[in-house]
Structures are given as C-alpha cells and as structure tokens.
$ cat data-v2.cif   # mmCIF, C-alpha atoms
data_query
#
loop_
_atom_site.group_PDB
_atom_site.id
_atom_site.type_symbol
_atom_site.label_atom_id
_atom_site.label_comp_id
_atom_site.auth_asym_id
_atom_site.auth_seq_id
_atom_site.Cartn_x
_atom_site.Cartn_y
_atom_site.Cartn_z
ATOM 1 C CA MET A 1 42.272 -32.309 3.494
ATOM 2 C CA LEU A 2 39.430 -30.720 1.604
ATOM 3 C CA PRO A 3 35.888 -30.804 2.887
ATOM 4 C CA PRO A 4 33.722 -33.324 1.201
ATOM 5 C CA ALA A 5 32.080 -32.167 -1.981
ATOM 6 C CA PRO A 6 28.560 -30.955 -1.407
ATOM 7 C CA ARG A 7 26.023 -33.630 -2.052
ATOM 8 C CA ARG A 8 23.502 -32.922 -4.700
ATOM 9 C CA ARG A 9 19.945 -33.592 -3.652
ATOM 10 C CA ARG A 10 17.847 -35.503 -6.051
ATOM 11 C CA ARG A 11 14.656 -33.810 -7.059
ATOM 12 C CA GLY A 12 12.427 -36.744 -6.771
ATOM 13 C CA GLY A 13 10.611 -38.827 -4.269
ATOM 14 C CA THR A 14 10.306 -37.215 -0.849
ATOM 15 C CA ALA A 15 11.656 -33.753 -1.757
ATOM 16 C CA LEU A 16 9.260 -33.422 -4.675
ATOM 17 C CA LEU A 17 6.383 -34.595 -2.533
ATOM 18 C CA ARG A 18 7.273 -32.007 0.143
ATOM 19 C CA ARG A 19 7.360 -29.204 -2.445
ATOM 20 C CA PHE A 20 3.996 -30.301 -3.842
ATOM 21 C CA ALA A 21 2.465 -30.398 -0.350
ATOM 22 C CA LEU A 22 3.892 -26.963 0.479
ATOM 23 C CA GLY A 23 2.600 -25.520 -2.800
ATOM 24 C CA THR A 24 -0.844 -27.011 -2.215
ATOM 25 C CA ALA A 25 -0.953 -25.664 1.350
ATOM 26 C CA LEU A 26 0.005 -22.171 0.149
ATOM 27 C CA ALA A 27 -2.575 -22.286 -2.638
ATOM 28 C CA LEU A 28 -5.247 -23.277 -0.164
ATOM 29 C CA ALA A 29 -4.191 -20.629 2.333
ATOM 30 C CA PHE A 30 -3.858 -17.746 -0.101
ATOM 31 C CA GLY A 31 -5.738 -18.698 -3.249
ATOM 32 C CA PHE A 32 -9.128 -19.241 -1.663
ATOM 33 C CA ALA A 33 -8.756 -16.304 0.703
ATOM 34 C CA CYS A 34 -8.691 -13.980 -2.327
ATOM 35 C CA GLY A 35 -11.641 -15.607 -4.078
ATOM 36 C CA GLU A 36 -15.355 -15.010 -3.813
ATOM 37 C CA PRO A 37 -16.785 -15.206 -0.294
ATOM 38 C CA ALA A 38 -18.408 -18.471 0.677
ATOM 39 C CA ARG A 39 -22.162 -18.783 0.355
ATOM 40 C CA ASP A 40 -23.040 -17.228 3.731
ATOM 41 C CA ALA A 41 -19.685 -15.716 4.655
ATOM 42 C CA PRO A 42 -19.641 -12.077 5.752
ATOM 43 C CA ALA A 43 -16.664 -9.869 4.867
ATOM 44 C CA ALA A 44 -15.599 -10.177 8.507
ATOM 45 C CA ALA A 45 -17.011 -12.304 11.283
ATOM 46 C CA LEU A 46 -20.082 -10.577 12.670
ATOM 47 C CA GLU A 47 -21.917 -11.302 15.882
ATOM 48 C CA THR A 48 -24.972 -13.467 15.301
ATOM 49 C CA ILE A 49 -28.331 -13.511 17.051
ATOM 50 C CA PHE A 50 -30.899 -16.280 16.875
ATOM 51 C CA LEU A 51 -34.386 -15.021 16.150
ATOM 52 C CA PRO A 52 -37.572 -17.082 15.937
ATOM 53 C CA ILE A 53 -39.584 -16.204 12.832
ATOM 54 C CA GLY A 54 -42.767 -18.074 11.959
ATOM 55 C CA GLY A 55 -41.875 -21.151 13.994
ATOM 56 C CA GLU A 56 -38.295 -21.455 12.702
ATOM 57 C CA THR A 57 -35.078 -20.088 14.193
ATOM 58 C CA PHE A 58 -32.882 -17.836 12.069
ATOM 59 C CA ALA A 59 -29.179 -17.084 12.592
ATOM 60 C CA LEU A 60 -28.923 -13.372 11.764
ATOM 61 C CA GLU A 61 -25.699 -11.412 11.574
ATOM 62 C CA LEU A 62 -25.930 -8.118 13.430
ATOM 63 C CA ALA A 63 -25.487 -4.851 11.530
ATOM 64 C CA LEU A 64 -25.076 -2.284 14.308
ATOM 65 C CA ASP A 65 -22.917 0.414 12.710
ATOM 66 C CA PRO A 66 -23.178 2.505 9.514
ATOM 67 C CA ALA A 67 -20.438 0.639 7.618
ATOM 68 C CA THR A 68 -21.935 -2.801 8.313
ATOM 69 C CA ARG A 69 -25.444 -1.579 7.504
ATOM 70 C CA GLN A 70 -24.155 -0.048 4.233
ATOM 71 C CA ARG A 71 -22.424 -3.322 3.257
ATOM 72 C CA GLY A 72 -25.389 -5.443 4.339
ATOM 73 C CA LEU A 73 -25.563 -8.700 2.424
ATOM 74 C CA SER A 74 -23.748 -7.303 -0.629
ATOM 75 C CA GLY A 75 -21.509 -9.696 -2.482
ATOM 76 C CA ARG A 76 -22.990 -12.900 -1.076
ATOM 77 C CA SER A 77 -23.525 -15.662 -3.594
ATOM 78 C CA GLY A 78 -26.651 -16.755 -1.738
ATOM 79 C CA LEU A 79 -28.264 -17.237 1.643
ATOM 80 C CA SER A 80 -29.052 -20.474 3.387
ATOM 81 C CA ARG A 81 -32.648 -21.136 4.324
ATOM 82 C CA ASN A 82 -32.426 -19.811 7.904
ATOM 83 C CA ARG A 83 -29.695 -17.189 7.735
ATOM 84 C CA GLY A 84 -29.725 -13.467 7.119
ATOM 85 C CA MET A 85 -28.980 -10.097 8.668
ATOM 86 C CA PHE A 86 -30.538 -8.038 11.459
ATOM 87 C CA PHE A 87 -30.154 -4.248 11.148
ATOM 88 C CA ALA A 88 -30.479 -2.145 14.308
ATOM 89 C CA PHE A 89 -30.666 1.647 14.583
ATOM 90 C CA ARG A 90 -30.538 3.840 17.711
ATOM 91 C CA SER A 91 -34.000 5.261 17.087
ATOM 92 C CA ALA A 92 -36.953 4.809 14.768
ATOM 93 C CA GLY A 93 -37.204 6.698 11.506
ATOM 94 C CA PRO A 94 -37.667 6.189 7.791
ATOM 95 C CA ILE A 95 -35.384 3.424 6.476
ATOM 96 C CA SER A 96 -34.884 2.152 2.967
ATOM 97 C CA MET A 97 -32.854 -0.685 1.519
ATOM 98 C CA VAL A 98 -31.379 -1.315 -1.913
ATOM 99 C CA MET A 99 -30.106 -4.440 -3.657
ATOM 100 C CA ARG A 100 -26.454 -3.385 -3.974
ATOM 101 C CA ASP A 101 -24.343 -6.216 -5.425
ATOM 102 C CA CYS A 102 -26.857 -8.864 -4.343
ATOM 103 C CA PRO A 103 -27.251 -11.585 -6.992
ATOM 104 C CA GLU A 104 -30.068 -13.449 -5.176
ATOM 105 C CA PRO A 105 -33.571 -12.272 -4.129
ATOM 106 C CA ILE A 106 -33.862 -11.062 -0.533
ATOM 107 C CA ASP A 107 -36.925 -10.433 1.642
ATOM 108 C CA VAL A 108 -36.831 -7.485 4.017
ATOM 109 C CA ALA A 109 -39.120 -6.820 6.976
ATOM 110 C CA PHE A 110 -38.991 -3.385 8.603
ATOM 111 C CA LEU A 111 -39.818 -3.423 12.315
ATOM 112 C CA ASP A 112 -40.851 -0.724 14.771
ATOM 113 C CA GLY A 113 -39.232 -0.292 18.182
ATOM 114 C CA GLU A 114 -41.313 -3.135 19.649
ATOM 115 C CA GLY A 115 -40.657 -5.657 16.870
ATOM 116 C CA HIS A 116 -43.902 -5.247 14.905
ATOM 117 C CA VAL A 117 -43.535 -5.538 11.133
ATOM 118 C CA VAL A 118 -44.428 -2.175 9.554
ATOM 119 C CA ALA A 119 -43.482 -3.052 5.950
ATOM 120 C CA LEU A 120 -42.350 -6.012 3.855
ATOM 121 C CA HIS A 121 -40.648 -6.156 0.482
ATOM 122 C CA ALA A 122 -39.520 -8.967 -1.807
ATOM 123 C CA MET A 123 -36.380 -7.374 -3.251
ATOM 124 C CA ARG A 124 -35.185 -8.573 -6.656
ATOM 125 C CA PRO A 125 -31.561 -8.655 -7.854
ATOM 126 C CA GLU A 126 -30.447 -5.723 -9.980
ATOM 127 C CA PRO A 127 -27.941 -5.891 -12.825
ATOM 128 C CA PRO A 128 -24.375 -5.410 -11.546
ATOM 129 C CA ARG A 129 -22.479 -2.194 -11.988
ATOM 130 C CA ARG A 130 -21.735 -1.746 -15.684
ATOM 131 C CA ALA A 131 -18.350 -1.024 -17.223
ATOM 132 C CA GLY A 132 -17.871 2.732 -17.210
ATOM 133 C CA GLU A 133 -20.743 3.272 -14.747
ATOM 134 C CA SER A 134 -19.710 5.412 -11.785
ATOM 135 C CA ALA A 135 -20.542 4.370 -8.248
ATOM 136 C CA MET A 136 -22.944 7.316 -8.047
ATOM 137 C CA GLN A 137 -24.722 6.313 -11.278
ATOM 138 C CA TYR A 138 -25.019 2.748 -10.024
ATOM 139 C CA GLU A 139 -26.476 3.860 -6.677
ATOM 140 C CA ARG A 140 -28.971 6.172 -8.409
ATOM 141 C CA ARG A 141 -30.406 3.419 -10.584
ATOM 142 C CA LEU A 142 -31.009 1.006 -7.710
ATOM 143 C CA PRO A 143 -34.666 1.003 -6.619
ATOM 144 C CA GLU A 144 -35.243 1.814 -2.964
ATOM 145 C CA TYR A 145 -37.432 -0.343 -0.768
ATOM 146 C CA PRO A 146 -38.772 2.001 1.951
ATOM 147 C CA SER A 147 -40.113 1.273 5.409
ATOM 148 C CA GLY A 148 -43.079 3.567 4.731
ATOM 149 C CA ALA A 149 -43.411 4.168 8.477
ATOM 150 C CA PRO A 150 -40.861 4.816 11.220
ATOM 151 C CA ALA A 151 -38.751 1.678 11.697
ATOM 152 C CA GLN A 152 -35.899 0.951 14.079
ATOM 153 C CA PHE A 153 -34.942 -2.521 12.892
ATOM 154 C CA ALA A 154 -34.891 -4.530 9.682
ATOM 155 C CA VAL A 155 -34.500 -8.228 8.975
ATOM 156 C CA GLU A 156 -33.210 -9.564 5.658
ATOM 157 C CA VAL A 157 -33.537 -13.242 4.725
ATOM 158 C CA ALA A 158 -33.496 -15.314 1.545
ATOM 159 C CA GLY A 159 -36.148 -14.364 -0.996
ATOM 160 C CA GLY A 160 -39.565 -15.953 -0.445
ATOM 161 C CA ARG A 161 -38.920 -17.040 3.147
ATOM 162 C CA LEU A 162 -41.067 -14.413 4.892
ATOM 163 C CA ALA A 163 -44.101 -15.314 2.783
ATOM 164 C CA GLN A 164 -43.475 -19.039 3.387
ATOM 165 C CA LEU A 165 -43.530 -18.366 7.128
ATOM 166 C CA GLY A 166 -46.689 -16.247 7.034
ATOM 167 C CA VAL A 167 -44.973 -13.016 8.113
ATOM 168 C CA GLN A 168 -47.079 -9.976 7.302
ATOM 169 C CA VAL A 169 -47.518 -6.367 8.375
ATOM 170 C CA GLY A 170 -48.456 -6.450 12.071
ATOM 171 C CA THR A 171 -46.583 -9.701 12.836
ATOM 172 C CA ARG A 172 -44.444 -9.307 15.939
ATOM 173 C CA LEU A 173 -40.919 -10.677 16.201
ATOM 174 C CA PHE A 174 -39.615 -11.137 19.726
ATOM 175 C CA PHE A 175 -36.116 -9.937 20.636
ATOM 176 C CA ASP A 176 -34.510 -7.560 23.131
ATOM 177 C CA ALA A 177 -35.192 -4.350 21.204
ATOM 178 C CA ALA A 178 -33.913 -2.015 23.933
ATOM 179 C CA ALA A 179 -30.559 -3.823 24.218
ATOM 180 C CA LEU A 180 -30.008 -3.872 20.461
ATOM 181 C CA ALA A 181 -30.978 -0.182 20.114
ATOM 182 C CA ARG A 182 -28.461 0.732 22.838
ATOM 183 C CA ARG A 183 -25.706 -1.107 20.962
ATOM 184 C CA ALA A 184 -26.494 0.495 17.601
ATOM 185 C CA ARG A 185 -24.226 3.301 16.435
#

$ encode --input "data-v2.cif" --output "structure tokens"
Amino acid sequence: MLPPAPRRRRRGGTALLRRFALGTALALAFGFACGEPARDAPAAALETIFLPIGGETFALELALDPATRQRGLSGRSGLSRNRGMFFAFRSAGPISMVMRDCPEPIDVAFLDGEGHVVALHAMRPEPPRRAGESAMQYERRLPEYPSGAPAQFAVEVAGGRLAQLGVQVGTRLFFDAAALARRAR
C-alpha cells in the first residue's frame, strides 16, 4: 500500500491570516527598530535623574562618559517639556556645547561644582551636514556655546524652558554634585 498522497494546504482563511499576522509582527519588530528614534528616545537606555528646576521636576538622562557627552541629544526629533540631559564631568573647567544633529532649539545651563548657573545659552538648530561635507568641515562650522567660566555640570532642556522658569546666572540647582562628579569618567 502506498502512503496517502500529501494533502495540499489551501492558502486562504486561517493560514493566510497567520502569515499576515507574522509579517505584521516582524515589520513591527524590525521595521520600527531601524527607523528614526522616538521623540525622547536615547540611542541606548540611559540612567535618569529627577532634578527640580524653577518649581518643576525634570527627568534628565545622565551623560557621565565622553561618548555619551559627545552624542548628547543629537538625533532627537524633539524634547518633551520636562525632559533633557544632565552632563557631569570629574572636575570643573571650560566646557562648550554645539548643536550637532539637533533639529530643535535647546537651552543649556552650565553649572559650577556647587550647582550655581555660571552661563546660559539658547542654542538654535544648525543646518544638517551637507552632501559632500566632511565630518570635520561640519564640526568646524558649528558655533560653540561656551561656559565662559569653569563649569563641572551642564543641563540641556527644550528651547525656551529655562527662561520660562526664571533660571538665570547665579540660580542654584540642587543635586548631589559630589556623587555625580565621582561617577563621571
């Protein structure tokens, strides 16, 4: 006796629905992972601190090492009202920031070792890197926003927020400066 002839599956109904569901799941898993980062999403999950500024609490991603500080908020499509980044350095010194691949305005406050604001800047977006423009040429054309005085920390938030909250040179922000300086690399 011969084995029964293989049954042909119909490509309809349940099988088609399963294939569609599988395709959709794969598209969601892989398609969006390769797209532009979400509005506030960092390249990788970063530790967050909560810092009171002008009567509101901000969730700030920590930038404790050179690579994270270099990347900063680059590539974000925007910042929510009370989010941003907190940059920590081991010791105070001159610091400057640039608007590298940042399409939205950002405010920066440079802070001394005790949390006093030593400088503020409202940084404006710069045109993106042009076709044929080298990375070095791009970096050279970006304006620098300097601390102007020795700074050990910097806070970046959405453009206009620091002025809205009344932050000015001399304002003190309260956080554990010694602990964050020890963790900085």

$ closest_residue --input "data-v2.cif" --among "A:Cys102, A:Ala88, A:Ala119, A:Met136" --to "Gln152 of chain A" --atoms "all atoms listed in the file"
A:Ala88

$ atom_distance --input "data-v2.cif" --atom1 "atom CA of Pro127 of chain A" --atom2 "atom CA of Asp107 of chain A"
17.6 Å

$ atom_distance --input "data-v2.cif" --atom1 "atom CA of Arg81 of chain A" --atom2 "atom CA of Ala67 of chain A"
25.2 Å

$ atom_distance --input "data-v2.cif" --atom1 "atom CA of Ser80 of chain A" --atom2 "atom CA of Pro52 of chain A"
15.5 Å

$ resolve_selection --input "data-v2.cif" --expression "the PyMOL selection byres ((chain A and resi 118) around 8)" --output "PDB file with C-alpha atoms, in the coordinates of the input"
ATOM      1  CA  ALA A 109     -39.120  -6.820   6.976  1.00  0.00           C
ATOM      2  CA  PHE A 110     -38.991  -3.385   8.603  1.00  0.00           C
ATOM      3  CA  LEU A 111     -39.818  -3.423  12.315  1.00  0.00           C
ATOM      4  CA  ASP A 112     -40.851  -0.724  14.771  1.00  0.00           C
ATOM      5  CA  HIS A 116     -43.902  -5.247  14.905  1.00  0.00           C
ATOM      6  CA  VAL A 117     -43.535  -5.538  11.133  1.00  0.00           C
ATOM      7  CA  ALA A 119     -43.482  -3.052   5.950  1.00  0.00           C
ATOM      8  CA  LEU A 120     -42.350  -6.012   3.855  1.00  0.00           C
ATOM      9  CA  SER A 147     -40.113   1.273   5.409  1.00  0.00           C
ATOM     10  CA  GLY A 148     -43.079   3.567   4.731  1.00  0.00           C
ATOM     11  CA  ALA A 149     -43.411   4.168   8.477  1.00  0.00           C
ATOM     12  CA  ALA A 151     -38.751   1.678  11.697  1.00  0.00           C
ATOM     13  CA  VAL A 169     -47.518  -6.367   8.375  1.00  0.00           C
ATOM     14  CA  GLY A 170     -48.456  -6.450  12.071  1.00  0.00           C
TER      15      GLY A 170
END

$ closest_residue --input "data-v2.cif" --among "A:Leu79, A:Ala92, A:Val98, A:Leu142" --to "Arg161 of chain A" --atoms "only C-alpha atoms"
A:Leu79

$ residues_around --input "data-v2.cif" --residues "Leu62 of chain A" --least-positions-apart "5" --cutoff "7 Å" --atoms "all atoms listed in the file" --output "list in words"
Leu46, Glu47, Thr48, Ile49, Met85, Phe86 and Phe87 of chain A

$ closest_residue --input "data-v2.cif" --among "A:Ala63, A:Ile95, A:Ala131, A:Ile53" --to "Thr171 of chain A" --atoms "only C-alpha atoms"
A:Ile53

$ closest_residue --input "data-v2.cif" --among "A:Arg69, A:Ser91, A:Asn82, A:Gln164" --to "Glu114 of chain A" --atoms "only C-alpha atoms"
A:Ser91

$ closest_residue --input "data-v2.cif" --among "A:Tyr138, A:Phe175, A:Phe50, A:Phe89" --to "Asp101 of chain A" --atoms "all atoms listed in the file"
A:Tyr138

$ residues_around --input "data-v2.cif" --residues "Ala122 of chain A" --least-positions-apart "3" --cutoff "8 Å" --atoms "all atoms listed in the file" --output "list in words"
Pro105, Ile106, Asp107, Val108, Gly159 and Gly160 of chain A

$ axis_aligned_box --input "data-v2.cif" --around "segment 111-115 of chain A" --padding-each-side "6 Å" --output "JSON"
{"center_x": -40.3, "center_y": -3.0, "center_z": 16.0, "size_x": 14.1, "size_y": 17.4, "size_z": 19.3}

$ closest_residue --input "data-v2.cif" --among "A:Arg183, A:Arg124, A:Arg100, A:Arg76" --to "Glu139 of chain A" --atoms "all atoms listed in the file"
A:Arg100

$ resolve_selection --input "data-v2.cif" --expression "the PyMOL selection byres ((chain A and resi 174) around 8)" --output "number ranges by chain"
A: 51-52, 115, 172-173, 175-176

$ decode --input "data-v2.cif" --residues "segment 61-142 of chain A" --atoms "C-alpha atoms" --output "PDB file, in the first residue's frame"
ATOM      1  CA  GLU A  61      19.331  61.440  31.199  1.00  0.00           C
ATOM      2  CA  LEU A  62      22.824  61.226  32.648  1.00  0.00           C
ATOM      3  CA  ALA A  63      25.837  61.793  30.394  1.00  0.00           C
ATOM      4  CA  LEU A  64      28.748  60.581  32.521  1.00  0.00           C
ATOM      5  CA  ASP A  65      31.297  59.404  29.949  1.00  0.00           C
ATOM      6  CA  PRO A  66      32.953  61.014  26.896  1.00  0.00           C
ATOM      7  CA  ALA A  67      30.960  59.042  24.303  1.00  0.00           C
ATOM      8  CA  THR A  68      27.586  59.886  25.870  1.00  0.00           C
ATOM      9  CA  ARG A  69      28.569  63.528  26.340  1.00  0.00           C
ATOM     10  CA  GLN A  70      29.717  63.688  22.684  1.00  0.00           C
ATOM     11  CA  ARG A  71      26.409  62.189  21.468  1.00  0.00           C
ATOM     12  CA  GLY A  72      24.340  64.350  23.815  1.00  0.00           C
ATOM     13  CA  LEU A  73      20.861  64.964  22.462  1.00  0.00           C
ATOM     14  CA  SER A  74      21.923  64.545  18.819  1.00  0.00           C
ATOM     15  CA  GLY A  75      19.394  62.979  16.511  1.00  0.00           C
ATOM     16  CA  ARG A  76      16.344  63.559  18.702  1.00  0.00           C
ATOM     17  CA  SER A  77      13.267  64.774  16.881  1.00  0.00           C
ATOM     18  CA  GLY A  78      12.309  66.876  19.894  1.00  0.00           C
ATOM     19  CA  LEU A  79      12.203  67.059  23.665  1.00  0.00           C
ATOM     20  CA  SER A  80       9.188  66.871  25.904  1.00  0.00           C
ATOM     21  CA  ARG A  81       8.524  69.787  28.207  1.00  0.00           C
ATOM     22  CA  ASN A  82      10.300  68.348  31.272  1.00  0.00           C
ATOM     23  CA  ARG A  83      12.975  66.101  29.800  1.00  0.00           C
ATOM     24  CA  GLY A  84      16.585  66.662  28.858  1.00  0.00           C
ATOM     25  CA  MET A  85      20.148  65.667  29.646  1.00  0.00           C
ATOM     26  CA  PHE A  86      22.489  66.226  32.589  1.00  0.00           C
ATOM     27  CA  PHE A  87      26.221  66.296  31.762  1.00  0.00           C
ATOM     28  CA  ALA A  88      28.695  65.582  34.569  1.00  0.00           C
ATOM     29  CA  PHE A  89      32.482  65.959  34.499  1.00  0.00           C
ATOM     30  CA  ARG A  90      35.058  64.847  37.094  1.00  0.00           C
ATOM     31  CA  SER A  91      36.265  68.393  37.695  1.00  0.00           C
ATOM     32  CA  ALA A  92      35.417  71.952  36.740  1.00  0.00           C
ATOM     33  CA  GLY A  93      36.866  73.560  33.644  1.00  0.00           C
ATOM     34  CA  PRO A  94      35.873  75.340  30.462  1.00  0.00           C
ATOM     35  CA  ILE A  95      33.046  73.499  28.671  1.00  0.00           C
ATOM     36  CA  SER A  96      31.356  74.249  25.390  1.00  0.00           C
ATOM     37  CA  MET A  97      28.432  72.687  23.580  1.00  0.00           C
ATOM     38  CA  VAL A  98      27.424  72.560  19.930  1.00  0.00           C
ATOM     39  CA  MET A  99      24.149  71.785  18.168  1.00  0.00           C
ATOM     40  CA  ARG A 100      25.285  68.617  16.373  1.00  0.00           C
ATOM     41  CA  ASP A 101      22.368  66.981  14.529  1.00  0.00           C
ATOM     42  CA  CYS A 102      19.793  68.683  16.758  1.00  0.00           C
ATOM     43  CA  PRO A 103      16.744  69.818  14.759  1.00  0.00           C
ATOM     44  CA  GLU A 104      15.028  71.588  17.697  1.00  0.00           C
ATOM     45  CA  PRO A 105      16.203  74.527  19.873  1.00  0.00           C
ATOM     46  CA  ILE A 106      17.850  73.546  23.161  1.00  0.00           C
ATOM     47  CA  ASP A 107      18.641  75.611  26.262  1.00  0.00           C
ATOM     48  CA  VAL A 108      21.868  74.872  28.100  1.00  0.00           C
ATOM     49  CA  ALA A 109      22.823  75.931  31.623  1.00  0.00           C
ATOM     50  CA  PHE A 110      26.438  75.481  32.710  1.00  0.00           C
ATOM     51  CA  LEU A 111      26.844  74.850  36.439  1.00  0.00           C
ATOM     52  CA  ASP A 112      29.795  75.103  38.807  1.00  0.00           C
ATOM     53  CA  GLY A 113      30.714  72.364  41.277  1.00  0.00           C
ATOM     54  CA  GLU A 114      28.008  73.506  43.715  1.00  0.00           C
ATOM     55  CA  GLY A 115      25.179  73.737  41.175  1.00  0.00           C
ATOM     56  CA  HIS A 116      25.220  77.503  40.566  1.00  0.00           C
ATOM     57  CA  VAL A 117      24.465  78.555  36.993  1.00  0.00           C
ATOM     58  CA  VAL A 118      27.566  80.244  35.534  1.00  0.00           C
ATOM     59  CA  ALA A 119      26.272  80.650  31.954  1.00  0.00           C
ATOM     60  CA  LEU A 120      23.112  80.150  29.905  1.00  0.00           C
ATOM     61  CA  HIS A 121      22.601  79.831  26.173  1.00  0.00           C
ATOM     62  CA  ALA A 122      19.564  79.419  23.933  1.00  0.00           C
ATOM     63  CA  MET A 123      21.071  77.189  21.242  1.00  0.00           C
ATOM     64  CA  ARG A 124      19.492  77.264  17.783  1.00  0.00           C
ATOM     65  CA  PRO A 125      19.387  74.360  15.308  1.00  0.00           C
ATOM     66  CA  GLU A 126      22.062  74.366  12.625  1.00  0.00           C
ATOM     67  CA  PRO A 127      21.622  73.104   9.073  1.00  0.00           C
ATOM     68  CA  PRO A 128      22.389  69.370   8.837  1.00  0.00           C
ATOM     69  CA  ARG A 129      25.588  68.046   7.371  1.00  0.00           C
ATOM     70  CA  ARG A 130      25.588  68.780   3.647  1.00  0.00           C
ATOM     71  CA  ALA A 131      26.228  66.290   0.865  1.00  0.00           C
ATOM     72  CA  GLY A 132      29.970  66.147   0.304  1.00  0.00           C
ATOM     73  CA  GLU A 133      30.716  67.920   3.606  1.00  0.00           C
ATOM     74  CA  SER A 134      33.251  66.030   5.709  1.00  0.00           C
ATOM     75  CA  ALA A 135      32.638  65.387   9.383  1.00  0.00           C
ATOM     76  CA  MET A 136      35.499  67.770  10.178  1.00  0.00           C
ATOM     77  CA  GLN A 137      34.031  70.541   7.995  1.00  0.00           C
ATOM     78  CA  TYR A 138      30.646  70.057   9.630  1.00  0.00           C
ATOM     79  CA  GLU A 139      32.122  70.237  13.145  1.00  0.00           C
ATOM     80  CA  ARG A 140      34.105  73.379  12.266  1.00  0.00           C
ATOM     81  CA  ARG A 141      31.049  75.295  11.104  1.00  0.00           C
ATOM     82  CA  LEU A 142      29.000  74.579  14.224  1.00  0.00           C
TER      83      LEU A 142
END
